[in-house]
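Next comes coords_4.txt, a file with compact mmCIF, C-alpha atoms.
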# COMPACT_ATOMS: atom_id res chain seq x y z
CA MET A 1 -6.57 9.88 0.48
CA SER A 2 -6.75 7.79 3.63
CA TYR A 3 -4.23 7.70 6.42
CA ASP A 4 -2.56 4.38 7.11
CA PRO A 5 -1.10 4.46 10.64
CA SER A 6 1.15 1.46 10.02
CA PRO A 7 4.84 2.37 9.88
CA SER A 8 6.48 2.59 6.47
CA TYR A 9 9.52 0.74 7.73
CA PRO A 10 9.56 -2.96 8.65
CA HIS A 11 9.36 -3.47 12.39
CA HIS A 12 11.44 -6.24 13.87
CA PRO A 13 10.77 -6.84 17.57
CA PRO A 14 13.85 -7.42 19.71
CA PRO A 15 14.80 -11.08 20.15
CA HIS A 16 13.45 -12.75 23.24
CA HIS A 17 16.08 -13.10 25.94
CA ILE A 18 16.48 -16.67 27.15
CA ALA A 19 18.31 -17.17 30.42
CA PRO A 20 21.61 -19.10 30.12
CA PRO A 21 21.48 -22.69 31.40
CA TYR A 22 24.09 -21.93 34.10
CA PRO A 23 24.16 -18.96 36.42
CA PRO A 24 26.95 -16.61 35.27
CA HIS A 25 28.81 -16.98 38.58
CA ALA A 26 28.68 -20.83 38.68
CA PRO A 27 31.77 -22.79 37.70
CA ALA A 28 31.50 -24.76 34.47
CA HIS A 29 32.00 -28.13 36.26
CA GLN A 30 28.85 -27.73 38.40
CA ALA A 31 25.70 -29.38 37.18
CA PRO A 32 22.88 -26.95 36.56
CA SER A 33 20.03 -26.89 39.02
CA HIS A 34 16.54 -28.01 38.02
CA ARG A 35 15.30 -24.44 38.11
CA ALA A 36 17.98 -23.20 35.73
CA THR A 37 17.27 -25.85 33.08
CA ALA A 38 13.49 -25.62 33.14
CA ARG A 39 12.27 -24.61 29.71
CA ARG A 40 9.95 -21.69 29.46
CA THR A 41 7.07 -21.69 27.05
CA PRO A 42 7.92 -19.55 24.03
CA ARG A 43 6.51 -16.06 24.25
CA ARG A 44 4.29 -14.65 21.57
CA ASP A 45 5.02 -11.35 19.86
CA PRO A 46 3.69 -8.34 21.74
CA LEU A 47 0.15 -7.35 20.89
CA GLY A 48 1.15 -4.15 19.11
CA HIS A 49 2.78 -6.13 16.32
CA HIS A 50 -0.03 -8.61 15.83
CA SER A 51 -1.50 -9.28 12.39
CA ASP A 52 -5.01 -9.06 13.85
CA LEU A 53 -4.55 -5.30 14.15
CA ARG A 54 -4.01 -5.07 10.40
CA ILE A 55 -7.10 -7.21 9.82
CA LEU A 56 -9.09 -5.01 12.21
CA ARG A 57 -7.88 -1.87 10.47
CA SER A 58 -8.91 -3.17 7.04
CA ALA A 59 -12.32 -4.32 8.35
CA TYR A 60 -12.92 -0.90 9.86
CA ARG A 61 -11.82 0.75 6.60
CA TRP A 62 -14.27 -1.45 4.65
CA GLN A 63 -17.00 -0.51 7.12
CA ARG A 64 -16.38 3.22 6.69
CA ARG A 65 -16.29 2.95 2.91
CA THR A 66 -19.55 1.02 2.76
CA ALA A 67 -21.47 3.53 4.85
CA THR A 68 -19.87 6.58 3.22
CA LEU A 69 -20.39 5.38 -0.34
CA THR A 70 -24.02 4.52 0.40
CA ALA A 71 -24.88 7.98 1.73
CA LEU A 72 -22.62 10.07 -0.52
CA GLY A 73 -23.28 7.91 -3.57
CA TYR A 74 -27.01 8.55 -3.38
CA PHE A 75 -26.49 12.26 -2.76
CA THR A 76 -24.09 12.47 -5.72
CA LEU A 77 -26.61 10.68 -7.92
CA PHE A 78 -29.26 13.17 -6.81
CA LEU A 79 -26.98 16.12 -7.65
CA ILE A 80 -26.03 14.72 -11.04
CA LEU A 81 -29.67 14.12 -11.95
CA SER A 82 -30.53 17.64 -10.79
CA ALA A 83 -27.79 19.18 -12.94
CA TYR A 84 -27.96 17.02 -16.08
CA ALA A 85 -31.52 15.67 -16.16
CA PRO A 86 -33.82 18.54 -15.22
CA GLY A 87 -36.63 17.12 -17.35
CA PHE A 88 -36.53 13.88 -15.37
CA MET A 89 -36.40 15.69 -12.02
CA THR A 90 -39.38 17.93 -12.87
CA GLY A 91 -41.43 15.03 -14.18
CA GLN A 92 -44.47 13.96 -12.16
CA VAL A 93 -44.43 10.65 -10.26
CA VAL A 94 -47.89 11.13 -8.79
CA ASP A 95 -50.22 14.07 -9.32
CA GLY A 96 -48.40 17.08 -7.86
CA LEU A 97 -45.28 15.17 -6.69
CA PRO A 98 -42.22 15.80 -8.87
CA THR A 99 -39.53 13.14 -9.18
CA GLY A 100 -36.89 15.47 -7.72
CA LEU A 101 -38.89 16.03 -4.55
CA LEU A 102 -39.50 12.30 -4.17
CA LEU A 103 -35.79 11.57 -4.58
CA ALA A 104 -34.97 14.31 -2.05
CA LEU A 105 -37.40 12.77 0.46
CA VAL A 106 -35.89 9.32 -0.11
CA GLN A 107 -32.49 10.68 0.91
CA LEU A 108 -33.37 10.47 4.61
CA PRO A 109 -34.18 6.72 4.49
CA VAL A 110 -31.00 6.17 2.44
CA THR A 111 -29.01 7.89 5.20
CA TRP A 112 -30.69 5.62 7.75
CA LEU A 113 -29.74 2.67 5.55
CA ALA A 114 -26.11 3.84 5.58
CA ILE A 115 -26.21 4.01 9.39
CA ALA A 116 -27.78 0.52 9.56
CA LEU A 117 -25.07 -0.84 7.20
CA TYR A 118 -22.41 0.74 9.39
CA GLU A 119 -23.82 -0.87 12.52
CA GLN A 120 -24.31 -4.24 10.83
CA THR A 121 -20.75 -4.39 9.53
CA ALA A 122 -19.52 -3.30 12.96
CA ARG A 123 -21.35 -6.17 14.64
CA ARG A 124 -20.42 -8.72 11.98
CA ARG A 125 -16.80 -7.84 11.13
CA VAL A 126 -15.22 -5.24 13.37
CA ASP A 127 -16.56 -5.97 16.87
CA PRO A 128 -15.59 -9.69 16.96
CA LEU A 129 -12.02 -8.82 15.91
CA ALA A 130 -11.81 -6.00 18.44
CA ASP A 131 -13.14 -8.27 21.20
CA ARG A 132 -10.59 -10.95 20.37
CA ILE A 133 -7.73 -8.43 20.38
CA ARG A 134 -8.98 -6.98 23.68
CA LYS A 135 -9.06 -10.44 25.28
CA GLU A 136 -5.55 -11.20 24.02
CA ALA A 137 -4.35 -7.87 25.42
CA GLU A 138 -5.86 -8.72 28.81
CA LEU A 139 -4.15 -12.12 28.75
CA ASP A 140 -0.84 -10.51 27.81
CA ALA A 141 -1.24 -8.00 30.64
CA ARG A 142 -1.95 -10.79 33.15
CA ARG A 143 1.04 -12.77 31.93
CA GLY A 144 3.23 -9.69 32.17
CA ALA A 145 2.02 -8.92 35.70
CA GLY A 146 2.72 -12.49 36.82
CA ARG A 147 6.42 -12.26 36.01

How does this structure look as structure tokens?
Amino acid sequence: MSYDPSPSYPHHPPPHHIAPPYPPHAPAHQAPSHRATARRTPRRDPLGHHSDLRILRSAYRWQRRTATLTALGYFTLFLILSAYAPGFMTGQVVDGLPTGLLLALVQLPVTWLAIALYEQTARRRVDPLADRIRKEAELDARRGAGR
């Protein structure tokens, strides 16, 4: 069972506060100043509630599953063949080299393959998403500091 850190309840961010067109102490008959009527650009949702985080989480989950199933899948196959096909495992591939020993020796390159798959999926799927989210977070932090 995997842990999903997303909340089980729907999150609704608080509504964005927009300043009233008139200062609260100004009489209603006064015309608003230019500064009070200037429209602000609409703010985006905070980064913590961004859909890219869900996409990143699912890409990372896919990455973990690919690497884990590669390594553990081969090991499980090796164990099943050892338990249920002893004749196959004791058979000779080359003079003096049983099939079971060859499959055991191949397990190390399969583990390296799992590591290579993990790194490749990180570079291709996870890292670009994480970089984009990091850049957006830096922009949000700069915008927040400028206020």

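When atom CA of A:Ala67 is paired with atom CA of A:Ala114, their separation reads 4.7 Å.
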
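Between atom CA of A:Leu77 and atom CA of A:Leu102 there is a distance of 13.5 Å.
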
Q | Within-12 Å shell of (-26.7, 10.2, -5.3) in input frame, only C-alpha atoms, as JSON, numbers by chain | A | {"A": [68, 69, 70, 71, 72, 73, 74, 75, 76, 77, 78, 79, 80, 81, 82, 83, 100, 103, 104, 106, 107, 108, 110, 111]}

**Q.** Residue nearest A:Leu101 among A:Phe88, A:Arg142, A:Arg61, A:Pro128 (counting only C-alpha atoms)
**A.** A:Phe88

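Interatomic distance, atom CA of A:Ala141 against atom CA of A:Tyr60: 24.9 Å.
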
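The protein and nucleic acid residues lying at most 9 Å from A:Tyr118 are Gln63, Arg64, Thr66, Ala67, Thr68, Leu113, Ala114, Ile115, Ala116, Gln120, Thr121, Ala122 and Arg123 of chain A, with all atoms listed in the file considered and sequence neighbours fewer than 2 positions away removed.
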